[in-house]
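**Student:** I'd like to ask you about the structure that follows.
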Amino acid sequence: MGKIKKKYTEGASRTYITRNRAIKRLQVSLADFRRLSILKGIYPVEPRSRKKANRGSAKATTFYYSKDIQALLSEPLIAKFREHKVFLRKLQHALGKDDLTRAKTLDANRPQYSLDHLVIERYPTFVDALRDLDDALCMITLFST
């Protein structure tokens, strides 16, 4: 006799992941998840069968591809977002204790992150960047008239 197959190990329930599960897996806040998904160009998708993707529930939820979320796990921006949160906490602590010298030194050493790798990832060549810029300019002229 063969091995018993576990539920939700194949099919739509593995292909898609809900937004809440993605946030828990990435260990980020909702705001950081939104910021990260916009920067990386990851958008919600609608599965063919919502009930199968949502493990039997027909409740309306937001789904993402599991592979997209898996790719986000190795994103260096998540660490930078965490560093920024720690910085804000330290700054609020110093300001709350009226330790202005510590607040000034913290502000001088504010963590910075660059989005260069995202731009290169999204637009590998200059022509790709110009194509996308053309789309934006068309939208602006469309709304201005």
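Ligands are numbered from 1 in the order shown, chains are lettered A, B, ... in the order of the structure tokens, and residues start at 1 in each chain.
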Tell me which protein, DNA and RNA residues are within 8 Å of range 15-31 of chain A, counting only C-alpha atoms, leaving out same-chain ones fewer than 3 positions away, and put them as a list of chain:residue names.
**Tutor:**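 Answer for this query is A:Glu10, A:Gly11, A:Ala12, A:Arg34, A:Arg35, A:Pro47, A:Ala53, A:Asn54, A:Thr61, A:Thr62, A:Phe63, A:Tyr64, A:Tyr65, A:Ser66, A:Lys67, A:Ile69, A:Leu72, A:Leu73, A:Ile78.
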**Student:** May I have the residues from that selection written out with N, CA, C and O atoms, as an mmCIF file, in the first residue's frame?
**Tutor:**
data_model
loop_
_atom_site.group_PDB
_atom_site.id
_atom_site.type_symbol
_atom_site.label_atom_id
_atom_site.label_comp_id
_atom_site.auth_asym_id
_atom_site.auth_seq_id
_atom_site.Cartn_x
_atom_site.Cartn_y
_atom_site.Cartn_z
ATOM 1 N N GLU A 10 -0.160 19.764 -3.013
ATOM 2 C CA GLU A 10 -0.087 19.898 -4.470
ATOM 3 C C GLU A 10 -1.221 20.795 -4.935
ATOM 4 O O GLU A 10 -2.180 21.047 -4.217
ATOM 5 N N GLY A 11 -1.105 21.217 -6.189
ATOM 6 C CA GLY A 11 -2.206 21.922 -6.842
ATOM 7 C C GLY A 11 -2.291 23.390 -6.475
ATOM 8 O O GLY A 11 -1.298 24.042 -6.150
ATOM 9 N N ALA A 12 -3.515 23.913 -6.520
ATOM 10 C CA ALA A 12 -3.746 25.352 -6.359
ATOM 11 C C ALA A 12 -3.358 25.846 -4.972
ATOM 12 O O ALA A 12 -2.908 26.987 -4.819
ATOM 13 N N ARG A 34 3.597 45.747 1.377
ATOM 14 C CA ARG A 34 3.084 46.526 0.240
ATOM 15 C C ARG A 34 4.208 47.268 -0.469
ATOM 16 O O ARG A 34 4.299 47.275 -1.696
ATOM 17 N N ARG A 35 5.072 47.892 0.327
ATOM 18 C CA ARG A 35 6.192 48.647 -0.250
ATOM 19 C C ARG A 35 7.107 47.711 -1.049
ATOM 20 O O ARG A 35 7.499 48.025 -2.173
ATOM 21 N N PRO A 47 -6.869 33.250 -8.594
ATOM 22 C CA PRO A 47 -6.773 31.838 -8.986
ATOM 23 C C PRO A 47 -8.027 31.377 -9.714
ATOM 24 O O PRO A 47 -9.087 31.989 -9.597
ATOM 25 N N ALA A 53 -7.704 27.120 -3.917
ATOM 26 C CA ALA A 53 -6.511 27.861 -3.533
ATOM 27 C C ALA A 53 -6.542 28.254 -2.063
ATOM 28 O O ALA A 53 -5.506 28.338 -1.408
ATOM 29 N N ASN A 54 -7.754 28.461 -1.535
ATOM 30 C CA ASN A 54 -7.890 28.907 -0.151
ATOM 31 C C ASN A 54 -8.155 27.745 0.799
ATOM 32 O O ASN A 54 -8.725 27.925 1.859
ATOM 33 N N THR A 61 -10.168 36.626 -0.438
ATOM 34 C CA THR A 61 -8.844 36.988 0.053
ATOM 35 C C THR A 61 -7.951 37.355 -1.124
ATOM 36 O O THR A 61 -8.288 37.083 -2.275
ATOM 37 N N THR A 62 -6.827 37.950 -0.813
ATOM 38 C CA THR A 62 -5.855 38.335 -1.820
ATOM 39 C C THR A 62 -4.815 37.231 -1.946
ATOM 40 O O THR A 62 -4.249 36.795 -0.949
ATOM 41 N N PHE A 63 -4.562 36.803 -3.175
ATOM 42 C CA PHE A 63 -3.608 35.723 -3.422
ATOM 43 C C PHE A 63 -2.409 36.233 -4.204
ATOM 44 O O PHE A 63 -2.525 37.141 -5.030
ATOM 45 N N TYR A 64 -1.254 35.625 -3.919
ATOM 46 C CA TYR A 64 -0.018 35.866 -4.658
ATOM 47 C C TYR A 64 0.533 34.508 -5.071
ATOM 48 O O TYR A 64 0.211 33.484 -4.470
ATOM 49 N N TYR A 65 1.385 34.508 -6.072
ATOM 50 C CA TYR A 65 2.063 33.268 -6.441
ATOM 51 C C TYR A 65 3.079 32.915 -5.358
ATOM 52 O O TYR A 65 3.830 33.772 -4.887
ATOM 53 N N SER A 66 3.117 31.658 -4.978
ATOM 54 C CA SER A 66 4.047 31.203 -3.936
ATOM 55 C C SER A 66 5.497 31.405 -4.355
ATOM 56 O O SER A 66 6.351 31.730 -3.529
ATOM 57 N N LYS A 67 5.775 31.230 -5.641
ATOM 58 C CA LYS A 67 7.152 31.395 -6.123
ATOM 59 C C LYS A 67 7.612 32.846 -6.007
ATOM 60 O O LYS A 67 8.790 33.104 -5.740
ATOM 61 N N ILE A 69 6.635 34.972 -3.658
ATOM 62 C CA ILE A 69 6.913 35.189 -2.239
ATOM 63 C C ILE A 69 8.217 34.492 -1.852
ATOM 64 O O ILE A 69 9.006 35.018 -1.068
ATOM 65 N N LEU A 72 10.976 36.678 -2.759
ATOM 66 C CA LEU A 72 11.115 37.814 -1.851
ATOM 67 C C LEU A 72 11.888 37.464 -0.584
ATOM 68 O O LEU A 72 12.458 38.347 0.054
ATOM 69 N N LEU A 73 11.884 36.193 -0.216
ATOM 70 C CA LEU A 73 12.578 35.786 1.009
ATOM 71 C C LEU A 73 14.068 36.111 0.964
ATOM 72 O O LEU A 73 14.679 36.394 1.992
ATOM 73 N N ILE A 78 14.566 43.563 2.650
ATOM 74 C CA ILE A 78 13.870 43.231 3.899
ATOM 75 C C ILE A 78 14.764 43.560 5.087
ATOM 76 O O ILE A 78 14.311 44.136 6.080
#
**Student:** Any chance you could list, as an MDAnalysis selection string, the residues in range 13-56 of chain A that come up alpha helix (DSSP H) when DSSP is run on the backbone?
**Tutor:** chainID A and resid 13:15 19:26 30:40 50:53
**Student:** Determine, using only C-alpha atoms, which residues of range 7-94 of chain A have any atom at most 9 Å from an atom of range 114-122 of chain A, and tabulate each with its shortest atom pair and distance in Å to one decimal place, rows ordered by chain and then rising number, as a tab-separated table.
**Tutor:**
residue	atom	partner	partner_atom	distance
A:Leu39	CA	A:Leu118	CA	7.4
A:Lys40	CA	A:Leu118	CA	6.9
A:Gly41	CA	A:Arg122	CA	8.5
A:Leu77	CA	A:Leu115	CA	8.5
**Student:** Keeping only N, CA and C atoms, write the selected residues to a file as a tab-separated table (two decimals), in the first residue's frame.
**Tutor:**
chain	number	residue	atom	x	y	z
A	39	LEU	N	7.80	47.69	-5.13
A	39	LEU	CA	9.16	47.88	-5.64
A	39	LEU	C	9.61	46.70	-6.50
A	40	LYS	N	9.25	45.49	-6.10
A	40	LYS	CA	9.67	44.32	-6.86
A	40	LYS	C	8.75	44.00	-8.03
A	41	GLY	N	7.58	44.63	-8.10
A	41	GLY	CA	6.66	44.39	-9.20
A	41	GLY	C	5.89	43.09	-9.05
A	77	LEU	N	16.41	43.93	0.61
A	77	LEU	CA	15.66	45.09	1.09
A	77	LEU	C	14.94	44.81	2.40
**Student:** Measuring atom to atom with only C-alpha atoms, identify which of A:Ser13, A:Lys90, A:Lys7, A:Leu142 is nearest to Arg50 in chain A.
**Tutor:**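 Nearest candidate to Arg50 in chain A out of A:Ser13, A:Lys90, A:Lys7, A:Leu142: A:Ser13.
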